[in-house]
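Novice: data36.txt is reproduced in full below (compact mmCIF, C-alpha atoms and all ligand atoms).
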# COMPACT_ATOMS: atom_id res chain seq x y z
CA MET P 1 -4.78 6.83 -17.39
CA VAL P 2 -5.25 4.46 -14.48
CA LYS P 3 -8.14 5.54 -12.25
CA LEU P 4 -6.78 4.56 -8.86
CA VAL P 5 -7.93 4.37 -5.25
CA ILE P 6 -5.32 3.50 -2.62
CA ASP P 7 -6.58 1.73 0.50
CA THR P 8 -3.93 2.40 3.10
CA ASP P 9 -2.62 2.41 6.68
CA PRO P 10 0.17 5.02 6.45
CA GLY P 11 2.85 3.88 7.48
CA VAL P 12 6.31 4.65 6.08
CA ASP P 13 6.11 2.57 2.89
CA ASP P 14 2.49 3.64 2.41
CA ALA P 15 3.78 7.24 2.36
CA MET P 16 6.31 6.21 -0.30
CA ALA P 17 3.52 4.64 -2.36
CA ILE P 18 1.14 7.59 -2.03
CA LEU P 19 3.72 10.25 -2.94
CA PHE P 20 4.82 8.11 -5.90
CA ALA P 21 1.22 7.64 -7.11
CA ALA P 22 0.45 11.33 -6.71
CA ARG P 23 3.35 12.22 -9.03
CA HIS P 24 2.90 9.54 -11.68
CA PRO P 25 1.52 11.05 -14.90
CA ALA P 26 -0.38 7.87 -15.83
CA ILE P 27 -2.27 7.75 -12.53
CA GLU P 28 -5.51 9.59 -11.82
CA LEU P 29 -5.80 9.34 -8.06
CA LEU P 30 -9.54 9.40 -7.28
CA GLY P 31 -9.25 9.06 -3.52
CA MET P 32 -7.94 7.08 -0.62
CA THR P 33 -9.52 4.89 2.03
CA SER P 34 -7.98 4.32 5.43
CA VAL P 35 -7.68 1.20 7.53
CA PHE P 36 -6.14 0.06 10.83
CA GLY P 37 -2.79 -1.72 10.63
CA ASN P 38 0.50 0.12 10.93
CA VAL P 39 -1.42 2.73 12.97
CA THR P 40 -4.97 3.11 14.29
CA VAL P 41 -7.59 3.92 11.69
CA ALA P 42 -7.91 7.50 13.02
CA GLN P 43 -4.15 7.97 12.58
CA ALA P 44 -4.33 6.35 9.13
CA THR P 45 -7.04 8.80 8.05
CA ARG P 46 -5.06 11.74 9.40
CA ASN P 47 -1.84 10.59 7.73
CA ALA P 48 -3.57 9.91 4.40
CA LEU P 49 -5.08 13.42 4.44
CA TYR P 50 -1.71 14.91 5.35
CA LEU P 51 0.06 13.05 2.52
CA ALA P 52 -2.59 14.09 -0.01
CA GLU P 53 -2.12 17.73 0.99
CA LYS P 54 1.65 17.39 0.95
CA ALA P 55 1.43 16.01 -2.59
CA GLY P 56 -0.67 19.01 -3.67
CA PHE P 57 -3.95 17.10 -3.66
CA SER P 58 -5.85 19.18 -1.09
CA GLY P 59 -9.48 18.14 -1.26
CA LEU P 60 -8.73 14.59 -2.44
CA PRO P 61 -11.49 12.47 -0.87
CA VAL P 62 -10.28 10.27 1.97
CA ALA P 63 -12.87 7.90 3.45
CA GLU P 64 -12.27 6.35 6.84
CA GLY P 65 -12.55 2.58 6.99
CA ALA P 66 -12.28 -0.32 9.34
CA GLY P 67 -10.71 -0.03 12.78
CA ALA P 68 -10.53 -3.79 13.33
CA PRO P 69 -10.48 -7.03 11.34
CA LEU P 70 -13.67 -8.73 10.10
CA VAL P 71 -13.53 -11.62 12.56
CA LEU P 72 -10.41 -11.49 14.73
CA PRO P 73 -10.18 -9.20 17.77
CA PRO P 74 -8.51 -5.78 17.23
CA PHE P 75 -4.71 -5.66 16.88
CA PRO P 76 -2.46 -3.02 18.41
CA PRO P 77 -0.74 -0.84 15.75
CA SER P 78 2.73 -1.86 14.50
CA ARG P 79 4.50 0.93 16.42
CA GLN P 80 7.75 -1.04 16.55
CA VAL P 81 7.94 -0.86 12.73
CA HIS P 82 6.34 2.46 11.74
CA GLY P 83 6.64 4.52 14.95
CA ASP P 84 4.01 5.97 17.28
CA GLU P 85 2.37 8.18 14.65
CA GLY P 86 3.17 6.12 11.55
CA PHE P 87 6.03 8.27 10.30
CA GLY P 88 9.01 6.79 12.17
CA ASP P 89 10.16 9.03 15.00
CA LEU P 90 8.55 12.16 13.57
CA PRO P 91 5.63 13.71 15.45
CA ALA P 92 2.04 13.75 14.18
CA PHE P 93 1.25 16.13 11.32
CA VAL P 94 -2.20 17.67 11.37
CA PRO P 95 -3.91 18.03 7.98
CA GLN P 96 -6.28 20.85 7.11
CA GLY P 97 -8.93 18.64 5.56
CA ARG P 98 -11.23 16.01 7.02
CA ALA P 99 -12.46 12.64 5.88
CA VAL P 100 -15.62 12.46 3.78
CA THR P 101 -18.79 11.32 5.55
CA GLU P 102 -19.12 8.02 3.63
CA THR P 103 -17.42 4.98 5.11
CA ALA P 104 -14.57 3.48 3.10
CA ALA P 105 -16.78 0.61 1.93
CA GLU P 106 -19.57 3.00 0.83
CA PHE P 107 -17.07 5.21 -0.95
CA LEU P 108 -15.51 2.23 -2.76
CA VAL P 109 -18.90 0.85 -3.81
CA ARG P 110 -20.00 4.23 -5.19
CA LEU P 111 -16.75 4.83 -7.11
CA ALA P 112 -16.78 1.31 -8.53
CA ARG P 113 -20.31 1.96 -9.87
CA GLU P 114 -19.47 5.41 -11.21
CA HIS P 115 -16.32 4.13 -12.94
CA ALA P 116 -17.53 0.63 -13.74
CA GLY P 117 -14.87 -1.37 -15.56
CA GLU P 118 -12.23 1.32 -15.00
CA LEU P 119 -11.48 1.56 -11.29
CA VAL P 120 -8.23 0.01 -10.07
CA LEU P 121 -7.97 -0.60 -6.32
CA CYS P 122 -4.63 -0.81 -4.61
CA PRO P 123 -5.05 -2.05 -1.03
CA VAL P 124 -1.74 -1.74 0.82
CA GLY P 125 -2.94 -2.44 4.36
CA PRO P 126 -5.19 -5.10 5.90
CA ILE P 127 -7.84 -5.70 3.23
CA THR P 128 -10.91 -5.31 5.48
CA ASN P 129 -12.44 -2.35 3.58
CA ILE P 130 -12.42 -4.23 0.27
CA ALA P 131 -14.06 -7.25 1.91
CA GLU P 132 -16.73 -4.95 3.39
CA ALA P 133 -17.36 -3.38 -0.04
CA ILE P 134 -17.82 -6.87 -1.54
CA ARG P 135 -20.33 -7.68 1.20
CA LEU P 136 -22.15 -4.38 0.65
CA ASP P 137 -22.58 -4.69 -3.13
CA PRO P 138 -22.85 -8.01 -4.97
CA ASP P 139 -21.72 -6.21 -8.16
CA PHE P 140 -18.62 -4.69 -6.60
CA ALA P 141 -16.14 -7.38 -7.74
CA ARG P 142 -17.51 -7.10 -11.29
CA ASN P 143 -17.51 -3.30 -11.30
CA VAL P 144 -13.84 -2.91 -10.41
CA LYS P 145 -11.32 -3.33 -13.18
CA LYS P 146 -8.60 -4.80 -11.01
CA ILE P 147 -7.54 -5.20 -7.37
CA VAL P 148 -3.77 -5.08 -6.92
CA ILE P 149 -3.07 -6.22 -3.37
CA MET P 150 0.07 -5.68 -1.33
CA GLY P 151 -0.04 -8.73 0.86
CA GLY P 152 0.77 -12.37 1.22
CA ALA P 153 3.88 -14.53 0.98
CA LEU P 154 3.55 -17.57 -1.25
CA ASP P 155 6.94 -19.26 -1.46
CA VAL P 156 8.85 -17.14 1.04
CA ALA P 157 8.67 -16.74 4.82
CA GLY P 158 6.35 -14.23 6.46
CA ASN P 159 7.45 -10.96 8.00
CA ILE P 160 5.22 -10.89 11.09
CA THR P 161 5.26 -14.63 11.81
CA PRO P 162 7.31 -17.30 10.05
CA HIS P 163 4.19 -18.01 7.95
CA ALA P 164 2.38 -14.71 7.45
CA GLU P 165 2.87 -11.35 5.81
CA ALA P 166 1.68 -8.48 8.03
CA ASN P 167 -1.32 -7.18 6.03
CA THR P 168 -2.69 -10.70 5.60
CA TYR P 169 -2.03 -11.62 9.24
CA HIS P 170 -3.99 -8.55 10.37
CA ASP P 171 -7.13 -9.69 8.53
CA PRO P 172 -6.83 -13.19 7.06
CA HIS P 173 -10.63 -13.61 6.77
CA ALA P 174 -10.90 -10.45 4.68
CA LEU P 175 -8.24 -11.57 2.21
CA ASP P 176 -9.76 -15.04 2.00
CA LEU P 177 -13.14 -13.48 1.14
CA VAL P 178 -11.65 -11.15 -1.48
CA LEU P 179 -9.77 -14.04 -3.10
CA GLN P 180 -13.09 -15.85 -3.67
CA SER P 181 -14.86 -12.82 -5.12
CA GLY P 182 -14.02 -13.49 -8.77
CA ALA P 183 -12.50 -10.01 -9.17
CA ASP P 184 -9.41 -9.61 -11.35
CA ILE P 185 -6.75 -9.84 -8.63
CA THR P 186 -2.99 -9.42 -8.57
CA MET P 187 -1.14 -10.31 -5.38
CA VAL P 188 2.02 -8.32 -4.78
CA GLY P 189 3.48 -10.21 -1.86
CA LEU P 190 6.81 -10.58 -0.11
CA ASP P 191 7.90 -12.94 -2.94
CA VAL P 192 8.57 -9.78 -4.99
CA THR P 193 8.54 -6.84 -2.59
CA LEU P 194 11.67 -8.08 -0.83
CA GLN P 195 13.47 -8.23 -4.19
CA VAL P 196 13.89 -4.43 -4.08
CA LEU P 197 15.45 -3.09 -0.88
CA LEU P 198 16.14 0.57 -0.12
CA SER P 199 18.94 1.43 2.29
CA GLU P 200 20.28 4.67 3.88
CA PRO P 201 22.27 5.70 0.76
CA ASP P 202 19.14 5.24 -1.38
CA PHE P 203 17.15 7.58 0.86
CA ALA P 204 20.07 10.05 0.83
CA GLU P 205 19.94 10.01 -2.98
CA LEU P 206 16.18 10.46 -2.87
CA ALA P 207 16.58 13.47 -0.56
CA ILE P 208 18.96 15.08 -3.08
CA ARG P 209 16.85 14.32 -6.13
CA ALA P 210 13.58 15.21 -4.41
CA PRO P 211 14.20 17.88 -1.77
CA ARG P 212 10.52 18.09 -0.80
CA HIS P 213 9.12 14.56 -0.87
CA GLY P 214 12.37 12.63 -0.91
CA ARG P 215 13.72 14.51 2.11
CA PHE P 216 10.48 13.78 3.97
CA LEU P 217 10.76 10.09 3.06
CA GLN P 218 14.35 10.07 4.25
CA ASP P 219 13.29 11.67 7.55
CA ILE P 220 10.57 9.11 8.21
CA SER P 221 12.66 6.13 7.10
CA HIS P 222 15.42 6.12 9.77
CA PHE P 223 13.27 4.38 12.38
CA TYR P 224 11.84 2.01 9.73
CA LEU P 225 15.33 1.05 8.53
CA ASP P 226 16.41 0.40 12.12
CA PHE P 227 13.61 -2.17 12.32
CA TYR P 228 14.73 -3.86 9.10
CA HIS P 229 18.33 -3.94 10.29
CA SER P 230 17.15 -5.51 13.55
CA VAL P 231 15.69 -8.44 11.59
CA GLY P 232 18.87 -8.91 9.56
CA LEU P 233 17.98 -7.11 6.30
CA THR P 234 20.23 -4.49 4.71
CA GLY P 235 17.30 -2.27 3.72
CA CYS P 236 13.52 -1.98 3.71
CA GLY P 237 11.33 -3.73 1.18
CA LEU P 238 9.61 -1.54 -1.39
CA HIS P 239 6.30 -3.18 -0.40
CA ASP P 240 3.52 -0.66 -0.97
CA PRO P 241 5.20 1.29 -3.81
CA MET P 242 5.61 -1.98 -5.73
CA ALA P 243 1.87 -2.60 -5.57
CA VAL P 244 1.26 0.85 -7.12
CA ILE P 245 3.96 0.13 -9.72
CA ALA P 246 2.24 -3.17 -10.56
CA CYS P 247 -0.94 -1.17 -11.32
CA ILE P 248 0.76 0.90 -14.01
CA ALA P 249 3.69 -1.22 -15.20
CA PRO P 250 2.70 -4.92 -14.98
CA GLU P 251 5.30 -5.69 -17.67
CA LEU P 252 8.01 -5.21 -15.02
CA PHE P 253 6.84 -8.36 -13.19
CA GLU P 254 6.55 -12.11 -13.72
CA ALA P 255 3.40 -13.80 -12.48
CA GLU P 256 1.99 -17.20 -11.71
CA ARG P 257 -1.75 -17.88 -12.23
CA THR P 258 -3.19 -19.90 -9.37
CA GLY P 259 -6.09 -20.02 -6.96
CA LEU P 260 -5.21 -18.87 -3.46
CA ALA P 261 -6.54 -19.44 0.04
CA VAL P 262 -5.56 -18.03 3.41
CA THR P 263 -4.99 -20.14 6.53
CA LEU P 264 -7.57 -18.86 9.01
CA ASP P 265 -6.42 -20.35 12.30
CA GLY P 266 -3.68 -22.22 14.08
CA GLU P 267 0.02 -21.56 14.10
CA ALA P 268 0.13 -20.68 10.37
CA VAL P 269 -2.76 -18.19 10.49
CA GLY P 270 -2.38 -15.59 7.74
CA ARG P 271 -0.41 -17.85 5.43
CA THR P 272 -1.29 -17.64 1.70
CA ILE P 273 -1.40 -21.03 -0.01
CA ARG P 274 -2.19 -22.34 -3.51
CA ASP P 275 -5.71 -23.70 -3.88
CA PRO P 276 -6.59 -24.95 -7.37
CA ALA P 277 -10.29 -25.00 -6.44
CA ARG P 278 -10.33 -21.20 -6.10
CA PRO P 279 -10.70 -18.64 -8.93
CA PRO P 280 -7.25 -18.03 -10.45
CA VAL P 281 -5.43 -14.82 -9.54
CA SER P 282 -2.02 -13.49 -10.59
CA VAL P 283 0.66 -13.88 -7.95
CA LEU P 284 3.77 -11.86 -8.71
CA THR P 285 6.84 -14.03 -8.38
CA GLY P 286 9.63 -12.11 -10.08
CA CYS P 287 10.46 -8.60 -11.18
CA ASP P 288 12.92 -6.38 -12.98
CA ALA P 289 14.35 -4.93 -9.78
CA GLU P 290 16.58 -2.36 -11.49
CA ALA P 291 13.77 -1.01 -13.68
CA ILE P 292 11.45 -0.75 -10.67
CA ARG P 293 14.05 1.05 -8.60
CA SER P 294 14.74 3.50 -11.46
CA LEU P 295 11.05 4.15 -12.02
CA PHE P 296 10.54 4.86 -8.33
CA PHE P 297 13.42 7.34 -8.21
CA ASP P 298 12.61 8.97 -11.56
CA ILE P 299 8.97 9.65 -10.69
CA LEU P 300 9.87 11.13 -7.32
CA ASP P 301 12.73 13.16 -8.82
CA GLU P 302 11.81 16.83 -8.53
CA GLY P 303 14.45 17.87 -11.08
CA ALA P 304 13.98 21.37 -12.42
CA GLU P 305 10.93 22.04 -10.25
CA ALA P 306 13.15 21.71 -7.16
CA MET P 307 15.86 24.05 -8.46
CA PRO P 308 16.06 27.57 -7.09
CA LEU P 309 14.44 29.99 -9.58
CA ALA P 310 17.77 31.73 -10.33
CA ALA P 311 19.37 28.44 -11.34
CA ARG P 312 16.53 27.67 -13.79
CA GLY P 313 17.59 30.63 -15.95
O1 LIG P 401 4.15 -6.55 4.90
C1 LIG P 401 4.30 -5.27 4.39
C2 LIG P 401 3.04 -4.47 4.61
O2 LIG P 401 2.81 -4.36 6.00
C3 LIG P 401 3.10 -3.06 4.07
O3 LIG P 401 1.85 -2.69 3.57
C4 LIG P 401 3.46 -2.25 5.30
O4 LIG P 401 3.00 -0.92 5.20
C5 LIG P 401 2.77 -3.01 6.39
O5 LIG P 401 1.45 -2.60 6.49
CA CA P 402 0.82 -0.54 4.30
Can the structure in the file be given as structure tokens, please?
Ligand code: RIB
Ligand code: CA
Specialist:
Amino acid sequence: MVKLVIDTDPGVDDAMAILFAARHPAIELLGMTSVFGNVTVAQATRNALYLAEKAGFSGLPVAEGAGAPLVLPPFPPSRQVHGDEGFGDLPAFVPQGRAVTETAAEFLVRLAREHAGELVLCPVGPITNIAEAIRLDPDFARNVKKIVIMGGALDVAGNITPHAEANTYHDPHALDLVLQSGADITMVGLDVTLQVLLSEPDFAELAIRAPRHGRFLQDISHFYLDFYHSVGLTGCGLHDPMAVIACIAPELFEAERTGLAVTLDGEAVGRTIRDPARPPVSVLTGCDAEAIRSLFFDILDEGAEAMPLAARG
């Protein structure tokens, strides 16, 4: 079992990742931490709690994290991509539960100590909370088993500027700090996440195969797909779900080992670049797109559990 914490700014593709992780039999979801990015941090906390409850994980600890980057001034949420509340053009959903009293960084530090050598972190928003945890506990990078980051764009163009991927752009200093921590790091950037695109017919299939979660994902994806179409793509990248998939099925990816740095200012701020002087990390460069797509659909598939009782015989 993979003991997993997702650090997230839900967000349409974050919702896809969380519902996938909650259903995967090899994942033990220990909690989530929230961060600003696609939405404000308060909205991210609310949406993470709502998704946990929707997935049947009422009571899953959600710790609220950073509302702004480490160094840069606060950013407005990416409403043009994920909608006003984070779920496309759907209204806000109010969860029953509340965030735990620890901050995200405190929560991460405690879990990394309690599960030393076992905890896998999957940050799929700006990586500020992980950087704060590293600052809080000098042993943090050693205590975690692995950090699988959705972020960066090594040999492809950015998606928020020509140079930068959105999560990295929103806190370049945080990623640069994490990349120097010596932790076992995998970067799941646009180099691979744009190799698997989902379009309207894919979401329609998902809604049929998964009437509860798939239908919800279809509902929240219309607005998101409109954004992708507006930038000339035929579908949306499977960004955040691919980071979760890389946690449990690394054999579906090809990787390059290299040190990495982040450009911290100027026109190319947020760009991820090779830096041989840095500790090597794994940058995913290729993937088995068909296998990843099938895994995503198969795990979300509600099959017999979604059938009316009479039809189950
Ligand atoms: O660049 C893709 C990333 O930016 C994803 O994590 C998406 O949710 C947005 O935050
Ligand atoms: Ca995200």
Novice: Counting only C-alpha atoms, figure out which residue out of P:Ala105, P:Ala21, P:Ala204, P:Val269 gets nearest to Phe296 (chain P).
Specialist: P:Ala21
Novice: From the set P:Ile127, P:Met187, P:Val94, P:Leu108, which residue has the shortest atom-to-atom contact distance to ligand CA 402 (chain P), counting all atoms listed in the file?
Specialist: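 The shortest atom-to-atom distance to ligand CA 402 (chain P) comes from P:Ile127.
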Novice: Counting all atoms listed in the file, figure out which residue out of P:Ala44, P:Leu90, P:Val120, P:Ala66 gets nearest to ligand CA 402 (chain P).
Specialist: P:Ala44
Novice: Can you measure CA of Thr161 (chain P) to atom O1 of ligand LIG 401 (chain P) for me? One decimal in Å is fine.
Specialist: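 Those two atoms sit 10.7 Å apart.
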Novice: If you measure from CA of Arg209 (chain P) to CA of Met16 (chain P), what distance in Å do you get, rounded to one decimal?
Specialist: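 Calculated distance between CA of Arg209 (chain P) and CA of Met16 (chain P) is 14.5 Å.
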Novice: Pick out the residues no farther than 10 Å from ligand CA 402 (chain P), counting only C-alpha atoms and all ligand atoms, and list them as a ChimeraX atom specification.
Specialist: /P:7-17,35-39,44,82,123-126,150-151,166-167,239-241
Novice: For the atom pair CA of Glu165 (chain P) and CA of Glu256 (chain P), what is the interatomic distance in Å to one decimal place?
Specialist: 18.5 Å
Novice: What's the 12 Å shell around Glu64 (chain P), counting all atoms listed in the file, without same-chain residues fewer than 3 positions away, as a CSV table (one decimal) with C-alpha atoms, in the coordinates of the input?
Specialist:
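Wrote it out as part-v2.csv, contents follow:
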chain,number,residue,atom,x,y,z
P,7,ASP,CA,-6.6,1.7,0.5
P,8,THR,CA,-3.9,2.4,3.1
P,9,ASP,CA,-2.6,2.4,6.7
P,31,GLY,CA,-9.2,9.1,-3.5
P,32,MET,CA,-7.9,7.1,-0.6
P,33,THR,CA,-9.5,4.9,2.0
P,34,SER,CA,-8.0,4.3,5.4
P,35,VAL,CA,-7.7,1.2,7.5
P,36,PHE,CA,-6.1,0.1,10.8
P,40,THR,CA,-5.0,3.1,14.3
P,41,VAL,CA,-7.6,3.9,11.7
P,42,ALA,CA,-7.9,7.5,13.0
P,43,GLN,CA,-4.2,8.0,12.6
P,44,ALA,CA,-4.3,6.4,9.1
P,45,THR,CA,-7.0,8.8,8.0
P,46,ARG,CA,-5.1,11.7,9.4
P,47,ASN,CA,-1.8,10.6,7.7
P,48,ALA,CA,-3.6,9.9,4.4
P,49,LEU,CA,-5.1,13.4,4.4
P,61,PRO,CA,-11.5,12.5,-0.9
P,67,GLY,CA,-10.7,0.0,12.8
P,98,ARG,CA,-11.2,16.0,7.0
P,99,ALA,CA,-12.5,12.6,5.9
P,100,VAL,CA,-15.6,12.5,3.8
P,101,THR,CA,-18.8,11.3,5.6
P,102,GLU,CA,-19.1,8.0,3.6
P,103,THR,CA,-17.4,5.0,5.1
P,104,ALA,CA,-14.6,3.5,3.1
P,105,ALA,CA,-16.8,0.6,1.9
P,106,GLU,CA,-19.6,3.0,0.8
P,107,PHE,CA,-17.1,5.2,-1.0
P,108,LEU,CA,-15.5,2.2,-2.8
P,128,THR,CA,-10.9,-5.3,5.5
P,129,ASN,CA,-12.4,-2.4,3.6
Novice: Report as a list of chain:residue names all protein, DNA and RNA residues lying within 9 Å of His213 (chain P), evaluated on all atoms listed in the file, omitting residues in the same chain fewer than 2 positions from it.
Specialist: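 So the residues in contact are P:Met16, P:Leu19, P:Lys54, P:Ala55, P:Leu206, P:Ala207, P:Ala210, P:Pro211, P:Arg215, P:Phe216, P:Leu217, P:Gln218, P:Leu300, P:Asp301, P:Glu302.
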Novice: Excluding Thr186 (chain P) and any residue of its chain fewer than 2 positions from it, enumerate the residues within 9 Å of it, using only C-alpha atoms, and give them as a list in words.
Specialist: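 The residues that qualify are Lys146, Ile147, Val148, Ile149, Met150, Asp184, Val188, Ala243, Ala246, Cys247, Ala255, Val281, Ser282, Val283 and Leu284 of chain P.
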Novice: Which one is closest to Phe253 (chain P): P:Pro77, P:Pro279, P:Gly235, P:Gly286? Count all atoms listed in the file.
Specialist: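 The answer is P:Gly286, which sits nearest to Phe253 (chain P).
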Novice: May I ask which of the residues P:Ser230, P:Thr168, P:Gln180, P:Thr263 is the closest one to ligand LIG 401 (chain P), counting only C-alpha atoms and all ligand atoms?
Specialist: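 Among P:Ser230, P:Thr168, P:Gln180, P:Thr263, it is P:Thr168 that comes nearest to ligand LIG 401 (chain P).
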Novice: What would region 131-139 of chain P look like with all heavy atoms restored, written as an mmCIF file, in the frame of the given file?
Specialist:
data_model
loop_
_atom_site.group_PDB
_atom_site.id
_atom_site.type_symbol
_atom_site.label_atom_id
_atom_site.label_comp_id
_atom_site.auth_asym_id
_atom_site.auth_seq_id
_atom_site.Cartn_x
_atom_site.Cartn_y
_atom_site.Cartn_z
ATOM 1 N N ALA P 131 -13.135 -6.169 1.562
ATOM 2 C CA ALA P 131 -14.060 -7.250 1.910
ATOM 3 C C ALA P 131 -15.430 -6.669 2.271
ATOM 4 O O ALA P 131 -16.472 -7.204 1.864
ATOM 5 C CB ALA P 131 -13.500 -8.066 3.067
ATOM 6 N N GLU P 132 -15.443 -5.564 3.007
ATOM 7 C CA GLU P 132 -16.730 -4.950 3.390
ATOM 8 C C GLU P 132 -17.460 -4.422 2.162
ATOM 9 O O GLU P 132 -18.686 -4.508 2.071
ATOM 10 C CB GLU P 132 -16.498 -3.844 4.419
ATOM 11 C CG GLU P 132 -16.152 -4.432 5.787
ATOM 12 C CD GLU P 132 -15.973 -3.392 6.881
ATOM 13 O OE1 GLU P 132 -15.909 -2.185 6.567
ATOM 14 O OE2 GLU P 132 -15.898 -3.812 8.053
ATOM 15 N N ALA P 133 -16.724 -3.879 1.195
ATOM 16 C CA ALA P 133 -17.360 -3.380 -0.040
ATOM 17 C C ALA P 133 -17.974 -4.548 -0.814
ATOM 18 O O ALA P 133 -19.076 -4.425 -1.371
ATOM 19 C CB ALA P 133 -16.336 -2.639 -0.891
ATOM 20 N N ILE P 134 -17.287 -5.681 -0.835
ATOM 21 C CA ILE P 134 -17.820 -6.870 -1.540
ATOM 22 C C ILE P 134 -19.104 -7.356 -0.857
ATOM 23 O O ILE P 134 -20.078 -7.725 -1.514
ATOM 24 C CB ILE P 134 -16.745 -7.985 -1.580
ATOM 25 C CG1 ILE P 134 -15.625 -7.575 -2.549
ATOM 26 C CG2 ILE P 134 -17.333 -9.334 -1.973
ATOM 27 C CD1 ILE P 134 -14.383 -8.453 -2.490
ATOM 28 N N ARG P 135 -19.127 -7.276 0.456
ATOM 29 C CA ARG P 135 -20.330 -7.680 1.200
ATOM 30 C C ARG P 135 -21.483 -6.712 0.958
ATOM 31 O O ARG P 135 -22.644 -7.099 0.948
ATOM 32 C CB ARG P 135 -20.032 -7.716 2.690
ATOM 33 C CG ARG P 135 -19.280 -8.950 3.124
ATOM 34 C CD ARG P 135 -19.029 -8.863 4.606
ATOM 35 N NE ARG P 135 -18.631 -10.126 5.183
ATOM 36 C CZ ARG P 135 -18.310 -10.275 6.458
ATOM 37 N NH1 ARG P 135 -18.350 -9.234 7.291
ATOM 38 N NH2 ARG P 135 -17.964 -11.450 6.926
ATOM 39 N N LEU P 136 -21.134 -5.437 0.787
ATOM 40 C CA LEU P 136 -22.150 -4.380 0.650
ATOM 41 C C LEU P 136 -22.809 -4.407 -0.728
ATOM 42 O O LEU P 136 -23.987 -4.083 -0.859
ATOM 43 C CB LEU P 136 -21.436 -3.032 0.847
ATOM 44 C CG LEU P 136 -22.227 -1.780 1.176
ATOM 45 C CD1 LEU P 136 -23.010 -1.988 2.462
ATOM 46 C CD2 LEU P 136 -21.255 -0.592 1.339
ATOM 47 N N ASP P 137 -22.051 -4.761 -1.762
ATOM 48 C CA ASP P 137 -22.580 -4.690 -3.130
ATOM 49 C C ASP P 137 -22.181 -5.942 -3.903
ATOM 50 O O ASP P 137 -21.003 -6.133 -4.217
ATOM 51 C CB ASP P 137 -22.001 -3.439 -3.818
ATOM 52 C CG ASP P 137 -22.512 -3.316 -5.240
ATOM 53 O OD1 ASP P 137 -23.312 -4.163 -5.679
ATOM 54 O OD2 ASP P 137 -22.095 -2.366 -5.931
ATOM 55 N N PRO P 138 -23.167 -6.767 -4.244
ATOM 56 C CA PRO P 138 -22.850 -8.010 -4.970
ATOM 57 C C PRO P 138 -22.191 -7.752 -6.322
ATOM 58 O O PRO P 138 -21.556 -8.654 -6.876
ATOM 59 C CB PRO P 138 -24.216 -8.682 -5.154
ATOM 60 C CG PRO P 138 -25.238 -7.801 -4.530
ATOM 61 C CD PRO P 138 -24.594 -6.599 -3.949
ATOM 62 N N ASP P 139 -22.338 -6.520 -6.861
ATOM 63 C CA ASP P 139 -21.720 -6.210 -8.160
ATOM 64 C C ASP P 139 -20.313 -5.636 -8.020
ATOM 65 O O ASP P 139 -19.654 -5.356 -9.029
ATOM 66 C CB ASP P 139 -22.581 -5.197 -8.934
ATOM 67 C CG ASP P 139 -23.895 -5.816 -9.382
ATOM 68 O OD1 ASP P 139 -23.900 -7.048 -9.604
ATOM 69 O OD2 ASP P 139 -24.889 -5.090 -9.479
#
